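Source file: run31.cif. Holds: mmCIF, C-alpha atoms.
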```cif
data_query
#
loop_
_atom_site.label_atom_id
_atom_site.label_comp_id
_atom_site.auth_asym_id
_atom_site.auth_seq_id
_atom_site.Cartn_x
_atom_site.Cartn_y
_atom_site.Cartn_z
CA ASN A 1 24.07 -26.51 3.74
CA ALA A 2 20.40 -25.63 3.15
CA GLY A 3 20.88 -21.94 2.20
CA VAL A 4 17.56 -20.05 2.11
CA THR A 5 14.49 -22.18 2.80
CA GLN A 6 10.96 -20.98 2.10
CA THR A 7 7.74 -22.65 3.20
CA PRO A 8 5.17 -23.35 1.97
CA LYS A 9 6.02 -23.71 -1.72
CA PHE A 10 2.36 -23.42 -2.75
CA GLN A 11 -0.64 -21.93 -0.96
CA VAL A 12 -4.21 -21.09 -1.90
CA LEU A 13 -6.10 -18.61 0.25
CA LYS A 14 -9.52 -17.07 0.24
CA THR A 15 -9.92 -13.31 0.31
CA GLY A 16 -9.66 -12.03 3.85
CA GLN A 17 -7.70 -14.95 5.24
CA SER A 18 -4.35 -14.39 6.90
CA MET A 19 -1.21 -16.46 6.64
CA THR A 20 2.54 -16.40 7.17
CA LEU A 21 5.22 -17.24 4.64
CA GLN A 22 8.27 -18.61 6.37
CA CYS A 23 11.86 -17.89 5.43
CA ALA A 24 14.92 -19.33 7.16
CA GLN A 25 18.61 -19.12 6.34
CA ASP A 26 21.54 -20.98 7.87
CA MET A 27 24.37 -18.77 6.63
CA ASN A 28 24.38 -16.33 9.56
CA HIS A 29 23.40 -13.51 7.20
CA GLU A 30 22.47 -10.20 8.76
CA TYR A 31 20.43 -8.99 5.81
CA MET A 32 17.17 -10.58 4.74
CA SER A 33 14.45 -9.39 2.40
CA TRP A 34 11.18 -10.32 0.75
CA TYR A 35 10.25 -9.75 -2.90
CA ARG A 36 7.14 -10.43 -4.90
CA GLN A 37 7.10 -11.25 -8.58
CA ASP A 38 3.94 -10.96 -10.64
CA PRO A 39 3.62 -12.78 -13.99
CA GLY A 40 6.00 -11.36 -16.60
CA MET A 41 7.34 -8.78 -14.18
CA GLY A 42 10.54 -8.18 -12.29
CA LEU A 43 11.00 -8.48 -8.53
CA ARG A 44 9.60 -5.82 -6.25
CA LEU A 45 10.94 -5.33 -2.74
CA ILE A 46 8.34 -5.68 0.03
CA HIS A 47 10.29 -5.46 3.29
CA TYR A 48 13.85 -5.95 4.40
CA SER A 49 15.85 -6.37 7.60
CA VAL A 50 19.45 -5.56 8.40
CA GLY A 51 19.52 -7.59 11.61
CA ALA A 52 17.47 -9.04 14.43
CA GLY A 53 14.96 -6.51 15.70
CA ILE A 54 15.37 -4.18 12.70
CA THR A 55 13.00 -4.06 9.72
CA ASP A 56 12.10 -1.49 7.11
CA GLN A 57 9.75 -1.02 4.18
CA GLY A 58 10.58 -1.62 0.58
CA GLU A 59 8.74 -0.56 -2.59
CA VAL A 60 5.42 -2.35 -1.98
CA PRO A 61 4.91 -2.88 1.78
CA ASN A 62 1.13 -2.35 2.05
CA GLY A 63 -0.78 -5.43 3.21
CA TYR A 64 2.30 -7.16 4.57
CA ASN A 65 3.90 -7.33 7.97
CA VAL A 66 7.34 -8.62 9.00
CA SER A 67 9.37 -9.17 12.13
CA ARG A 68 12.90 -10.37 12.78
CA SER A 69 13.28 -11.91 16.21
CA THR A 70 16.26 -14.10 15.26
CA THR A 71 19.08 -13.85 12.72
CA GLU A 72 17.87 -17.02 10.99
CA ASP A 73 14.18 -16.30 10.43
CA PHE A 74 12.26 -13.58 8.59
CA PRO A 75 8.54 -14.41 8.28
CA LEU A 76 6.20 -12.45 6.00
CA ARG A 77 2.61 -12.07 7.20
CA LEU A 78 -0.39 -11.33 5.03
CA LEU A 79 -2.90 -9.76 7.37
CA SER A 80 -6.02 -9.96 5.17
CA ALA A 81 -5.29 -11.55 1.82
CA ALA A 82 -6.54 -9.89 -1.36
CA PRO A 83 -6.55 -11.20 -4.97
CA SER A 84 -3.97 -8.51 -5.81
CA GLN A 85 -1.53 -10.37 -3.58
CA THR A 86 -1.55 -13.40 -5.86
CA SER A 87 2.11 -13.67 -6.76
CA VAL A 88 5.34 -15.58 -6.31
CA TYR A 89 7.21 -14.52 -3.22
CA PHE A 90 10.98 -14.78 -2.89
CA CYS A 91 13.06 -14.46 0.23
CA ALA A 92 16.71 -13.42 -0.06
CA SER A 93 19.61 -12.99 2.32
CA SER A 94 23.16 -11.68 2.33
CA TYR A 95 25.90 -10.50 4.59
CA GLY A 96 25.48 -6.96 5.88
CA ASP A 97 28.16 -4.44 6.65
CA ARG A 98 30.46 -7.03 8.15
CA GLY A 99 31.98 -9.60 5.82
CA TRP A 100 30.18 -7.85 3.05
CA THR A 101 30.17 -9.37 -0.41
CA GLY A 102 26.79 -8.10 -1.51
CA GLU A 103 25.71 -11.34 -3.14
CA LEU A 104 22.05 -12.10 -2.51
CA PHE A 105 21.04 -15.71 -1.97
CA PHE A 106 17.45 -16.49 -2.94
CA GLY A 107 15.00 -19.14 -1.86
CA GLU A 108 13.03 -21.21 -4.35
CA GLY A 109 9.90 -19.13 -3.99
CA SER A 110 6.41 -19.47 -2.51
CA ARG A 111 3.53 -19.41 -4.97
CA LEU A 112 0.44 -17.82 -3.47
CA THR A 113 -3.01 -17.69 -5.02
CA VAL A 114 -5.75 -15.62 -3.42
CA LEU A 115 -9.28 -16.43 -4.60
CA ASP B 1 20.22 2.24 -5.08
CA ALA B 2 20.68 3.56 -8.57
CA LYS B 3 18.24 2.59 -11.25
CA THR B 4 19.35 0.45 -14.14
CA THR B 5 18.09 0.21 -17.70
CA GLN B 6 18.25 -2.96 -19.76
CA PRO B 7 16.79 -4.04 -23.11
CA THR B 8 13.60 -6.02 -22.71
CA SER B 9 14.75 -8.99 -24.76
CA MET B 10 17.62 -10.35 -26.83
CA ASP B 11 18.32 -13.40 -28.97
CA CYS B 12 21.63 -15.20 -29.29
CA ALA B 13 22.67 -18.16 -31.42
CA GLU B 14 23.86 -21.19 -29.51
CA GLY B 15 27.65 -21.28 -29.26
CA ARG B 16 28.03 -17.55 -29.86
CA ALA B 17 28.83 -14.93 -27.27
CA ALA B 18 25.87 -13.23 -25.62
CA ASN B 19 26.49 -9.58 -24.76
CA LEU B 20 23.92 -8.10 -22.40
CA PRO B 21 24.12 -4.34 -21.83
CA CYS B 22 23.08 -2.38 -18.76
CA ASN B 23 22.92 1.35 -18.21
CA HIS B 24 23.44 2.70 -14.70
CA SER B 25 24.23 6.34 -15.35
CA THR B 26 23.44 7.50 -11.78
CA ILE B 27 25.69 4.99 -10.04
CA SER B 28 27.62 6.38 -7.11
CA GLY B 29 31.20 5.71 -6.10
CA ASN B 30 30.55 2.99 -3.53
CA GLU B 31 28.00 1.06 -5.56
CA TYR B 32 28.82 -2.25 -7.15
CA VAL B 33 27.26 -3.68 -10.29
CA TYR B 34 25.69 -7.13 -9.85
CA TRP B 35 24.25 -9.52 -12.37
CA TYR B 36 21.72 -12.24 -11.60
CA ARG B 37 19.72 -14.56 -13.76
CA GLN B 38 16.37 -16.25 -13.28
CA ILE B 39 15.59 -19.46 -15.10
CA HIS B 40 11.85 -20.11 -15.51
CA SER B 41 10.31 -19.20 -12.14
CA GLN B 42 13.21 -20.27 -9.95
CA GLY B 43 14.86 -17.92 -7.48
CA PRO B 44 17.40 -15.57 -9.08
CA GLN B 45 20.95 -16.83 -9.16
CA TYR B 46 24.04 -14.68 -8.68
CA ILE B 47 26.39 -14.52 -11.67
CA ILE B 48 29.08 -11.91 -11.12
CA HIS B 49 29.75 -8.47 -9.70
CA GLY B 50 32.28 -5.67 -10.01
CA LEU B 51 33.15 -2.16 -8.89
CA LYS B 52 35.25 -0.64 -11.66
CA ASN B 53 37.58 -3.31 -12.98
CA ASN B 54 36.54 -5.95 -15.44
CA GLU B 55 35.77 -9.26 -13.81
CA THR B 56 35.66 -12.86 -15.01
CA ASN B 57 34.54 -16.07 -13.40
CA GLU B 58 33.57 -19.52 -14.62
CA MET B 59 30.14 -18.33 -15.71
CA ALA B 60 30.69 -14.96 -17.34
CA SER B 61 32.70 -11.79 -17.82
CA LEU B 62 31.70 -8.32 -16.70
CA ILE B 63 32.94 -5.27 -18.56
CA ILE B 64 32.41 -1.91 -16.82
CA THR B 65 33.05 1.31 -18.69
CA GLU B 66 35.66 3.69 -17.34
CA ASP B 67 33.02 6.22 -16.25
CA ARG B 68 31.05 3.33 -14.67
CA LYS B 69 27.82 4.48 -16.26
CA SER B 70 27.26 1.24 -18.12
CA SER B 71 28.35 -2.37 -18.16
CA THR B 72 28.09 -5.48 -20.30
CA LEU B 73 27.67 -9.05 -19.18
CA ILE B 74 29.30 -11.51 -21.56
CA LEU B 75 28.39 -15.18 -21.75
CA PRO B 76 31.25 -16.39 -23.97
CA HIS B 77 29.60 -19.48 -25.48
CA ALA B 78 25.87 -19.38 -24.91
CA THR B 79 24.02 -22.67 -24.51
CA LEU B 80 20.31 -23.41 -24.45
CA ARG B 81 20.54 -23.61 -20.66
CA ASP B 82 21.49 -19.91 -20.60
CA THR B 83 17.97 -18.98 -21.73
CA ALA B 84 16.76 -16.89 -18.79
CA VAL B 85 15.94 -13.40 -17.58
CA TYR B 86 19.10 -11.48 -16.67
CA TYR B 87 18.98 -8.72 -14.09
CA CYS B 88 21.52 -5.97 -13.66
CA ILE B 89 21.38 -4.18 -10.31
CA VAL B 90 23.58 -1.84 -8.34
CA ARG B 91 24.16 -2.18 -4.65
CA GLY B 92 26.16 0.00 -2.30
CA ALA B 93 28.63 -1.06 0.36
CA GLY B 94 28.47 0.14 3.92
CA SER B 95 26.67 3.09 5.51
CA GLY B 96 23.33 1.49 4.74
CA GLY B 97 23.96 1.62 1.03
CA TYR B 98 23.34 -2.08 0.69
CA GLN B 99 19.88 -2.15 2.19
CA LYS B 100 17.18 -1.28 -0.32
CA VAL B 101 18.00 -3.53 -3.24
CA THR B 102 15.65 -3.05 -6.17
CA PHE B 103 15.41 -5.06 -9.38
CA GLY B 104 14.11 -3.88 -12.72
CA THR B 105 12.42 -6.09 -15.28
CA GLY B 106 15.68 -7.46 -16.69
CA THR B 107 16.54 -8.76 -20.16
CA LYS B 108 14.96 -11.93 -21.42
CA LEU B 109 17.71 -13.79 -23.28
CA GLN B 110 16.59 -16.46 -25.71
CA VAL B 111 19.36 -18.76 -26.94
CA ILE B 112 18.43 -20.16 -30.34
CA PRO B 113 19.65 -23.59 -31.56
#
```

Whole structure, structure tokens version:
Amino acid sequence: NAGVTQTPKFQVLKTGQSMTLQCAQDMNHEYMSWYRQDPGMGLRLIHYSVGAGITDQGEVPNGYNVSRSTTEDFPLRLLSAAPSQTSVYFCASSYGDRGWTGELFFGEGSRLTVL
Amino acid sequence: DAKTTQPTSMDCAEGRAANLPCNHSTISGNEYVYWYRQIHSQGPQYIIHGLKNNETNEMASLIITEDRKSSTLILPHATLRDTAVYYCIVRGAGSGGYQKVTFGTGTKLQVIP
């Protein structure tokens, strides 16, 4: 049972480049979300999804795009990377309204550096 | 989701109980209290959750006050491996209350030999 898988684990970008952080879960969770964590800080919610085809903004959505075409996958796209987006990104998932326990399962993180 | 307030840092002697407080004075009736911890830069790990009754599992105990405005996570015999940042969050059930899950900055627990 893989749980929540994030790829890549490390990435270096130049300012202005675009890229996609991948997140996949094999637990049939309806809810998925993306957080960023800056050094010495807590987690801030970027975007979340309550099911395939449904996404919404979190606390810090600017500069990021998401889509949810399947239950399993929730990619995070950086459209034009900026140094301020240097951070560690975490994907999380949980059950939604059905079979709800509320426990969030996190991936191991993707460490992004924008030069 | 309701906001939570936690102390920035705490120390605990190895082998002693670690008591981590959390204030969630604006919690609503259908919101649960959850605790997670983050070791180094790993993904946060679920510890325990509760609604209004005290809860215990193999990792910790959760004490929620009768008015539900605060709670305490108890690690009964702290070890060096419990050194981590501990996050207290609240999350609602149903009617979309579970959707926008926000974390604060947590409490950095240092277990001292």

I need the output of the PyMOL selection byres ((chain A and resi 60-66) around 9) for this file as a list in words; which residues are they? Tyr35, Arg36, Arg44, Leu45, Ile46, His47, Tyr48, Ser49, Thr55, Asp56, Gln57, Gly58, Glu59, Ser67, Arg68, Phe74, Pro75, Leu76, Arg77, Leu78, Leu79, Ser80, Ala81, Ala82 and Gln85 of chain A

Quick check: residues of chain B within 12 Å of chain A, only C-alpha atoms, returned as a VMD selection string. chain B and resid 1 6 8 30 to 51 85 to 108

Please, which residues are within 10 Å of (23.1, -23.4, -23.2) by the file's coordinates, counting all atoms listed in the file, and could they come as a list in words? Ala13, Glu14, Gly15, Leu75, His77, Ala78, Thr79, Leu80, Arg81, Asp82, Thr83, Gln110, Val111, Ile112 and Pro113 of chain B

Could you list, as a PyMOL selection string, every residue within 7 Å of Ile74 (chain B), counting all atoms listed in the file and ignoring same-chain residues fewer than 4 positions away? chain B and resi 17-20+60-62

Could you check how far CA of Phe10 (chain A) sits from CA of Ser84 (chain A), in Å to one decimal? 16.5 Å

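Between CA of Pro83 (chain A) and CA of Lys14 (chain A) there is a distance of 8.4 Å.
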
Selection result of the PyMOL selection byres ((chain B and resi 24) around 9) on this file, as a PyMOL selection string: chain B and resi 2-5+22-23+25-27+33+68-71+88-90

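CA of Gln22 (chain A) to CA of Ala84 (chain B) spans 26.6 Å [interatomic distance, one decimal].
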
Matched chain/residue IDs from the PyMOL selection byres ((chain A and resi 28) around 8), as an MDAnalysis selection string: chainID A and resid 25:27 29:30 71:72 95

Mind rebuilding region 5-16 of chain B with all heavy atoms and writing that out as an mmCIF file, in the coordinates of the input?
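Written file, selection-v4.cif:
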```cif
data_model
loop_
_atom_site.group_PDB
_atom_site.id
_atom_site.type_symbol
_atom_site.label_atom_id
_atom_site.label_comp_id
_atom_site.auth_asym_id
_atom_site.auth_seq_id
_atom_site.Cartn_x
_atom_site.Cartn_y
_atom_site.Cartn_z
ATOM 1 N N THR B 5 18.902 0.357 -16.494
ATOM 2 C CA THR B 5 18.090 0.210 -17.700
ATOM 3 C C THR B 5 18.686 -0.900 -18.549
ATOM 4 O O THR B 5 19.890 -0.893 -18.835
ATOM 5 C CB THR B 5 18.066 1.520 -18.502
ATOM 6 O OG1 THR B 5 17.613 2.594 -17.665
ATOM 7 C CG2 THR B 5 17.113 1.401 -19.677
ATOM 8 N N GLN B 6 17.821 -1.840 -18.939
ATOM 9 C CA GLN B 6 18.250 -2.960 -19.760
ATOM 10 C C GLN B 6 17.268 -3.150 -20.917
ATOM 11 O O GLN B 6 16.087 -2.829 -20.787
ATOM 12 C CB GLN B 6 18.272 -4.260 -18.938
ATOM 13 C CG GLN B 6 19.193 -4.254 -17.734
ATOM 14 C CD GLN B 6 19.063 -5.557 -16.965
ATOM 15 O OE1 GLN B 6 18.504 -5.593 -15.863
ATOM 16 N NE2 GLN B 6 19.593 -6.631 -17.537
ATOM 17 N N PRO B 7 17.739 -3.701 -22.037
ATOM 18 C CA PRO B 7 16.790 -4.040 -23.110
ATOM 19 C C PRO B 7 15.832 -5.117 -22.621
ATOM 20 O O PRO B 7 16.190 -5.958 -21.802
ATOM 21 C CB PRO B 7 17.693 -4.550 -24.238
ATOM 22 C CG PRO B 7 18.989 -4.872 -23.596
ATOM 23 C CD PRO B 7 19.122 -4.005 -22.401
ATOM 24 N N THR B 8 14.629 -5.086 -23.157
ATOM 25 C CA THR B 8 13.600 -6.020 -22.710
ATOM 26 C C THR B 8 13.944 -7.450 -23.100
ATOM 27 O O THR B 8 13.750 -8.375 -22.322
ATOM 28 C CB THR B 8 12.255 -5.633 -23.306
ATOM 29 O OG1 THR B 8 11.943 -4.296 -22.920
ATOM 30 C CG2 THR B 8 11.155 -6.564 -22.834
ATOM 31 N N SER B 9 14.456 -7.637 -24.304
ATOM 32 C CA SER B 9 14.750 -8.990 -24.760
ATOM 33 C C SER B 9 15.891 -8.993 -25.763
ATOM 34 O O SER B 9 16.176 -7.970 -26.394
ATOM 35 C CB SER B 9 13.508 -9.627 -25.396
ATOM 36 O OG SER B 9 13.126 -8.905 -26.547
ATOM 37 N N MET B 10 16.540 -10.150 -25.876
ATOM 38 C CA MET B 10 17.620 -10.350 -26.830
ATOM 39 C C MET B 10 17.620 -11.805 -27.263
ATOM 40 O O MET B 10 17.229 -12.681 -26.484
ATOM 41 C CB MET B 10 18.985 -10.028 -26.213
ATOM 42 C CG MET B 10 19.206 -8.603 -25.812
ATOM 43 S SD MET B 10 20.848 -8.371 -25.109
ATOM 44 C CE MET B 10 21.886 -8.765 -26.504
ATOM 45 N N ASP B 11 18.100 -12.047 -28.483
ATOM 46 C CA ASP B 11 18.320 -13.400 -28.970
ATOM 47 C C ASP B 11 19.804 -13.620 -29.182
ATOM 48 O O ASP B 11 20.543 -12.672 -29.476
ATOM 49 C CB ASP B 11 17.594 -13.626 -30.303
ATOM 50 C CG ASP B 11 16.093 -13.662 -30.145
ATOM 51 O OD1 ASP B 11 15.625 -13.908 -29.018
ATOM 52 O OD2 ASP B 11 15.392 -13.437 -31.151
ATOM 53 N N CYS B 12 20.230 -14.855 -29.051
ATOM 54 C CA CYS B 12 21.630 -15.200 -29.290
ATOM 55 C C CYS B 12 21.680 -16.610 -29.846
ATOM 56 O O CYS B 12 20.967 -17.507 -29.364
ATOM 57 C CB CYS B 12 22.423 -15.121 -27.984
ATOM 58 S SG CYS B 12 24.148 -15.584 -28.140
ATOM 59 N N ALA B 13 22.516 -16.827 -30.854
ATOM 60 C CA ALA B 13 22.670 -18.160 -31.420
ATOM 61 C C ALA B 13 23.505 -19.016 -30.475
ATOM 62 O O ALA B 13 24.484 -18.548 -29.869
ATOM 63 C CB ALA B 13 23.329 -18.075 -32.785
ATOM 64 N N GLU B 14 23.120 -20.259 -30.359
ATOM 65 C CA GLU B 14 23.860 -21.190 -29.510
ATOM 66 C C GLU B 14 25.321 -21.264 -29.943
ATOM 67 O O GLU B 14 25.628 -21.347 -31.128
ATOM 68 C CB GLU B 14 23.212 -22.577 -29.606
ATOM 69 C CG GLU B 14 23.763 -23.592 -28.627
ATOM 70 C CD GLU B 14 23.048 -24.925 -28.711
ATOM 71 O OE1 GLU B 14 22.367 -25.165 -29.731
ATOM 72 O OE2 GLU B 14 23.173 -25.719 -27.765
ATOM 73 N N GLY B 15 26.226 -21.215 -28.968
ATOM 74 C CA GLY B 15 27.650 -21.280 -29.260
ATOM 75 C C GLY B 15 28.304 -19.913 -29.448
ATOM 76 O O GLY B 15 29.528 -19.802 -29.391
ATOM 77 N N ARG B 16 27.496 -18.901 -29.697
ATOM 78 C CA ARG B 16 28.030 -17.550 -29.860
ATOM 79 C C ARG B 16 28.061 -16.843 -28.511
ATOM 80 O O ARG B 16 27.445 -17.256 -27.539
ATOM 81 C CB ARG B 16 27.169 -16.764 -30.850
ATOM 82 C CG ARG B 16 27.011 -17.395 -32.212
ATOM 83 C CD ARG B 16 28.336 -17.504 -32.945
ATOM 84 N NE ARG B 16 28.893 -16.194 -33.259
ATOM 85 C CZ ARG B 16 28.663 -15.555 -34.406
ATOM 86 N NH1 ARG B 16 27.858 -16.066 -35.313
ATOM 87 N NH2 ARG B 16 29.229 -14.390 -34.629
#
```
